[in-house]
Amino acid sequence: MRRAVLFASMVTFLLLPATALATEETTVQELVNNSVAFDGLQVSVRGELVGDYGYRNDGWMWTQLNGDSYVNAPLREEGPASGGNTGIGVRMPVELAGDLDPPGRYRSRGPVVHVVGTWKYHDVERQGESYLEVESFTVIEPGRPLEQGPNWLVIVGGVVLVGAAALAWRLQSDE
Amino acid sequence: MLIRPVSNDYRVIGFYLGRIFLVVAGASLLPLAWSAIAREWHPFGSFLLMIGLFAFLGVMGIGLDPEETKLNWSHGMVVVALTWLIVPIVGAVPLLLSGHFAYPIDALFDALSGLTTTGLSLLGDVDHLASSLNFWRHMLQFLGGQGIILAALSIFAGTGGITLYFGEARDERILPSVTSTARFIWAVSVVHLIFGVAALGIVGWLVLGFDPDRALFHGLMTFFAGFDTGGFSPQSTSVGYYHSAIFEAFTAVLMVAGAMSFGVHYALWRGRRRAVFANLETRTIMATFGFTMVLTLVGLAATGLFSSAMGLTRQGFFQVLSAHTGTGFATVSSAELAQWGGLAFGGIAIAMALGGMGSSTAGGVKSLRIGLTIKAVMNQIRQVLLPEHAVVGTAYYQTGRKHLTPNLIQSVMIISLLYVALYLLGAGVGMAYGIPLQDALFESVSASANVGLSVGVTSPSMPFLLKAVYMVQMWAGRLEFVAIFSLLGFLYASVRGK
Amino acid sequence: MTLPRDKKWSSIPGFIGGLTLFAIEALIVAGLGLVAWVLAIVILALI
């Protein structure tokens, strides 16, 4: 009996540090609103990669991870205009980045990813910047193109107005 | 007795508005071309419609053909006030049609924010905005910063120049004629465009690892918003997007250049050191910058938000510079800025309220007024302390030796008080909606001084009245009240005059 | 409409003048940054 208790205690003691290393599931919004609370913690977040992939000479790739309503409901796909973006800067080792689909922009919905990494709040090594240092990620949804065709009614309206202006100018010049 | 305007008055105003609209229509060919090259056909149609509207209004205005085209003071002020209302209304059309705004008034808000070089934004999902629309937003800041009137002056020289120039809150004549002054201002802008974009583009490409075309895009947008102290950004995280001290450094150069008066630019270029360092504005802004810098750094250090000297320097310095120049770029999120309470809040808010130099692209009370007010107060104190018959000197240096006259002091103090009243008005309306005093005051000052930093109050979900109040604040702040009072007086006289 | 001849029109910065202006402004920013850094060190030491 005593051996069993001793063994259980040892196992519990050995496993205790693992709770500190547990990844905290959170959102981009939470990281932005409660930055300091997550400082130094390992977090996992879901979001869309947008903007640019900046491959720097120091071996890191920087980009932005957005966690707002447009991730699930892009504007180009009849999603509602519901406020601004919510994004954080993320960096990952260039080797980890691999071959990513284009980041989110006008013509593309960037890859939706689930990233695990350490949240750095006012990182001293980067002169006070806050960002997520990615350790691993998985692509939940690949990037895809977003289309927006011309609005012919608006184009016709524009042509008519320009034509009217030109005609009025001509008439005035003749006078 | 109020004299009712006659038909020729309206026609003169319409005539000059027409000229200005034609200039803007011409300038709008740039975003049109951009959208065609980028094959962004939806914005292309919107720009075509906008150009049609400006061109049509322009031709109609010119067609009014007044008998007498002489522009008096009142006409000039009304033209300026109406330009800064109508151009955003028409300029909002492409923004409205983009689908990125929840309400039509939000599109007008952004267009006005752009033209007044404020930088507060209600745009949704800027990270997926068409590049040509992003270009148009930033170009609005360039047009507004340089002054649309200035643009028109460069092209339509001669009559009306001086009145319109003063109406647009510029009171410096750097070169003998308004036209040559306007052209000097444009030349300085082009110089900063070339070197600023080159520097930022090279950093973006070689240091940040962007594709060359993207580096150029980011450089160009940052130039427009930085040099014109506007503060829009092509990405939602503002300058914090770049995570680069060197990018921020070049951005800071553009912000400082934008907040310097063009008279100081001229003096710097000509090597007239005395003109720079003896200048009352230079001395005042150095003092206020130092003061607000100390306040902010002490505040941030006291709250323990930044523990390293480099972190405190980089983040604090950039934010104070952004606030004082009236740019509104941010390297921290709105949520974080809202946490910069106490002295740090005080430092940033005071920096915003004070503003940049006069005859620059910056907003706020402006350093010339601050300097003159301080000088007047010091003179008053000296007058009291010295013997009754002692003569207190009233000279000051601003591109030449000038004298502090009672009339000058009166006008300086009136405008300064109006700014303070505007700051408090917006804060009051914000508080009426339950927004805490600190946040309401911050946002109000940001709008009135055309800065654009936000603690999160500005959002599509904010009350309609608050949006309207901020728009009035941006408009009034940019034009420094005089043109607006003239417009109101003109409208009143139209109705009640005899 | 002919634009009036303006003798001062040539008084605008050329390439070298422009570069000088930009460089001076960069020096101003660098100087301000240095002052800010010194202030930061002093303030952190005192607080």
# chains A, B, ... in the order shown; residues from 1 in each chain; ligands from 1
call {"tool": "select_by_dssp", "arguments": {"residues": "segment 374-484 of chain B", "states": "strand (DSSP E)", "output": "list in words"}}
result
Ala395, Tyr396, Tyr397, Arg401, Lys402 and His403 of chain B
call {"tool": "interface_residues", "arguments": {"of": "chain A", "to": "chain B", "cutoff": "6 Å", "atoms": "only C-alpha atoms", "output": "NGL selection string"}}
result
:A and (33 or 54-56 or 81 or 83-85 or 105-106 or 127-128 or 149-151 or 154-155 or 158 or 161-162 or 165)
call {"tool": "interface_residues", "arguments": {"of": "chain B", "to": "chain C", "cutoff": "7 Å", "atoms": "only C-alpha atoms", "output": "list in words"}}
result
Ala157, Ser180, Phe184, Ala187, Val191, His192, Ala252, Val253, Ala257, Leu268, Trp269, Leu297, Val298, Ala301, Ala302, Ala309, Met310, Leu312, Thr313 and Phe317 of chain B
call {"tool": "residues_around", "arguments": {"residues": "segment 282-291 of chain B", "least_positions_apart": "5", "cutoff": "10 Å", "atoms": "only C-alpha atoms", "output": "PyMOL selection string"}}
result
(chain B and resi 259-261+264+275-277+296+317+320-321+323-325+347+350-351+354-357+366-372+374+398) or (chain C and resi 32+35-36+39)
call {"tool": "select_by_dssp", "arguments": {"residues": "segment 69-150 of chain A", "states": "helix (DSSP H, G or I)", "output": "PyMOL selection string"}}
result
chain A and resi 69-72+75-77+94-97+124-126
call {"tool": "write_last_selection", "arguments": {"atoms": "C-alpha atoms", "output": "PDB file, in the first residue's frame"}}
result
ATOM      1  CA  SER A  69     -15.872  37.812 -38.436  1.00  0.00           C
ATOM      2  CA  TYR A  70     -14.361  38.097 -41.926  1.00  0.00           C
ATOM      3  CA  VAL A  71     -12.418  34.870 -41.376  1.00  0.00           C
ATOM      4  CA  ASN A  72     -15.634  32.863 -41.504  1.00  0.00           C
ATOM      5  CA  LEU A  75     -17.133  40.394 -47.445  1.00  0.00           C
ATOM      6  CA  ARG A  76     -16.651  39.174 -51.025  1.00  0.00           C
ATOM      7  CA  GLU A  77     -18.849  36.177 -50.166  1.00  0.00           C
ATOM      8  CA  VAL A  94      11.107  30.152 -42.256  1.00  0.00           C
ATOM      9  CA  GLU A  95      11.420  26.335 -42.402  1.00  0.00           C
ATOM     10  CA  LEU A  96       8.103  25.981 -40.632  1.00  0.00           C
ATOM     11  CA  ALA A  97       6.293  28.318 -43.014  1.00  0.00           C
ATOM     12  CA  VAL A 124      12.423  43.103 -24.499  1.00  0.00           C
ATOM     13  CA  GLU A 125      14.452  41.502 -27.292  1.00  0.00           C
ATOM     14  CA  ARG A 126      12.291  43.272 -29.857  1.00  0.00           C
TER      15      ARG A 126
END
call {"tool": "atom_distance", "arguments": {"atom1": "atom CA of Ala440 of chain B", "atom2": "atom CA of Thr303 of chain B"}}
result
21.7 Å
call {"tool": "atom_distance", "arguments": {"atom1": "atom CA of Met352 of chain B", "atom2": "atom CA of Gly326 of chain B"}}
result
6.1 Å
call {"tool": "atom_distance", "arguments": {"atom1": "atom CA of Leu422 of chain B", "atom2": "atom CA of Ala483 of chain B"}}
result
15.6 Å
